[in-house]
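Peer 1: What follows is a structure written as structure tokens; I'll ask about it next.
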Amino acid sequence: MAEDPKTPVEVPIPDSLRQQLTEFRRRLWRAKIAEAILAGFFGLLFSFLLVFALDRVWQTPGILRLIILLAGTSLMAVFAPMWLHRWVWKHRRESQLARLIARRYPGLGDRLLGVVELQGQVENADTLSPRLRAAAMERVAAEAEKRKLDGALPASRQKSWSLAVLVVFLTAGAALVFAPKAGLSSLKRWLMPLSESPRYTFTMLENVPAELPIPQGEAFSITLKLAKDSEWRPESGQACYGRQDPVSANLEDSSYRFDFPAQQDPAMLKVVVGDAKHSIRVTPTLRPAIRRVFGVIHHPEYLQLPDREVDLGAGVLSAVQGSKVQVTVDATRELASARFGPLIATDAHTGGEGTMETHANDAPVEGPMETRATTARTPGLLIGEQGFSLPIQWTDVLGLQGESGFKVRVDSLPDEAPGVYIQGIPRQHVILPEETVDFEAVSQDDFGIRKVGIEWRGEFTRATDETPASGELDLAAGAPDMTRLSSNAAFSPAAYGIQPQKLTLRAWAEDYLPGRPRAYSEPVTLFVLTKDEHAQMLKTQFDRAISELEDLARRERNLFEENQRLERLSPEERKKEENSKRLEAQKDAERQQADRMKELSEKMEQLFKNSARNDSIDKETLKKMAEAMQSMKELSKDDLPKVEEKLGDAQDQRNTDEKSQEDMKDAVEKQKQALEKMQQAVDKANDANQRFEASTFVNRLKKAASEQDGIGSSVWEAIERTGGLARDEIDPADETKLAETIRQQANTTSDVRWIQEDLNHFFTRTNKEAYRKILDAMTESRIDLALEDLRGELEQNHGAVSRGVSDHWAEKLKEWAKMLEGEQQQGGGGGGAGSAAGDQDEDFEFMLRVMKMIQQEQDIRARTRALETLRRSYEDHPSNPKP
């Protein structure tokens, strides 16, 4: 069918030419794609090798590693696409390939470009003959076949890139093979440039700090230790502090020790050991100091005391044995750690120290302390019998240690027994049963007093079958925190039903230590006397008072005679220095006489009051004592001070001779009157003493009779157990009692002999018939020999005989006492001595009755206080035994 000349006709490129261009394009693409890939691999491998190389020299910063990584990957990620766009994308068409060929073969290229253009023209047959276009294309194709288009390819760098990639690949492989740790480290740091992964060095140091606080103003050192897996072990290293000269250190024991002088300013410390390079920021800082130390004492449970906080500014803590103590230190900076120990044993007496190998109850002698912020606290340390020193070391959060040598001394205190004493009463005291003694029981303890009280134990001074008194009272209860406890006590023998005997009174105290016995005070001996014994004691005191009064009278007589001598001197002679000193001495002596008279009158007044308590002393004796006491008071208050005053006036330099002579005369006259009154007082006292002595014979005889009765009762009480036995067959307890009875018999025999002797002297002085009769009766009865024989019977344990003899002589002594008592009552009656004397007697008797009423009232009140103390003791402690 004929073609329509108007229809457009396309003429394709000959197949041979098309195949040739396609092969050209394939070779072009393959070469350029290979170059792009090789360039990308090269960039990656080279960047890794660059990081590896840099890491061998220094600590490559993360930013630089990131830049290197980006630069390396850019060849693959940026350069390769651009390269492919240029050589692949832009050379995918025949026209683009023709232009590339034209660069090498311009003629052929232009013709190829014309062929490509003819192929693209769309014309009808009338315009452009298809046959002609095809013929032109064939001609160009034939010419192209005659040439190799490979020569038109651009110069290829594939071999160069391949060689470069091979080189870097082998280099990287060698790094990973021969230095795997370094290679892997650099690989990791290259892949993750911003990570904190440290660079690998062949010289590896352990635990190199980034910052190092050091003590300010002190020389310091830093020790860097080689890691066990370090591949290099350099013989030395260098460190440089700031801009100072470097310091070298040799390798010793796998460590490098760099010593530096004291520093004040912070700086960078650069350390170079082999290929290891480190920079350490050094900051000089004050050491952490202790600003406060305190301890908490946990007392033993038995003390019942709360925990106590003690400031340890002095560095010493004292606590009772058995306590636990926790020591807390407060530092100037937050603490990272603290330790105590090892404990050092201390001697509280010598202050010496020694190593403490073990602690109480196997508690640790050293260990860590509990830290919290700026404080550190030890665990509870048990305090045994031995004290100790507690060393403490601490380190703050900067790693700085505190000053060495810090210690706290812990003293171990034993829980001492409480001290207790009685005050307000003499060590020995004499009272009647109805009297009351007031005193104070005081106790002191180091760690609390539980209670205080008193106890008494009686002892008969004569043989008797009665039981000695004994008992105790709780006076006051204490408390765990009470270290001093005192209580007033009123003790009346009559209130507790105690008969006359010797009492040993002691105060006692108890503290809180389990199992500890009571602590006792020094004993107070109370002699509870009968009326007769009391009267005899008063007689002895009265004798001493009279002796002192007579001595004062003799002294006053000597002073009076000296004053008479001075009176005879003329005023001019008395003004001489020698005589003036004599007069001054007389004045001082007179003042001393007045003072001694005052003291003696006070003693006499107390003696009179004590005598008034004893009903066995007759009122006439008391009256004489009162008169003598009154005279002594007047002498001490008026008479003797007036003599002293006049002697002072006589030596006054302002007086005229006449006035001085008159004063001296008055002094002598007043002293004469005082001397007469003093002698009258002595006479009254002797008269009272004579009556006193006469009354004591009755009391002494009664006492001897009572003791003899007691001896008989004691023998009779034991006769059932001891009758008919030899001394060596008697039970030890009965033997002890028998020996005491024999001793008492010897004492009674001696007392009777003294009564006979004193009766003889009294009769010689007074020549009173009644006393002669008693003396004759005692002499004729040979009582002293009979009592001595009785002692022999007791020694042979003849109980029945001894009882009979003892009762006989007891009745005889009572008979003689009754005879003397009757004589005294008859002698005390007296006849009419005048109405004035009678009035005086009535006044004195009234005064005496009033005084006794007051004394009785005082005794009743005192016994009431004693009973009240007893009642309270029973209420507080109902289990206490009754006295």
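The way I read the labels, and the way they are meant: chains A, B, ... in the order of the structure tokens, residue 1 as the first residue of every chain, and ligand 1 as the first ligand shown, with later ones counted on from there.
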Tell me, which residues of region 515-706 of chain A carry DSSP strand (DSSP E), written as a PyMOL selection string?
Peer 2: chain A and resi 519-520+524-528
Peer 1: If you count only C-alpha atoms, which residues fall within 12 Å of Phe560 (chain A), apart from same-chain ones fewer than 5 positions away, as a list of chain:residue names?
Peer 2: A:Ala553, A:Arg554, A:Arg555, A:Arg565, A:Leu566, A:Glu567, A:Leu583, A:Gln586, A:Lys587, A:Ala589, A:Glu590, A:Leu640, A:Val643, A:Glu644, A:Leu647, A:Met664, A:Lys665, A:Ala667, A:Val668, A:Glu669, A:Lys670, A:Gln671, A:Lys672, A:Gln673, A:Ala674, A:Leu675, A:Glu676
Peer 1: Running DSSP on the backbone, which parts of region 423-566 of chain A land in helix (DSSP H, G or I), as a VMD selection string?
Peer 2: chain A and resid 493 to 496 531 to 566
Peer 1: When you count only C-alpha atoms, which of these residues is closest to Asp259 (chain A): A:Ala239, A:Ala688, A:Ile719, A:Val273?
Peer 2: A:Ala239
Peer 1: Please, what distance in Å, to one decimal, runs between CA of Glu435 (chain A) and CA of Ala612 (chain A)?
Peer 2: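 If I compute the distance from CA of Glu435 (chain A) to CA of Ala612 (chain A), I get 12.7 Å.
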Peer 1: Would you kindly return, as a count of residues only, each protein, DNA or RNA residue with an atom no farther than 9 Å from any atom of Ala289 (chain A), considering only C-alpha atoms and excluding same-chain residues fewer than 4 positions away?
Peer 2: 6
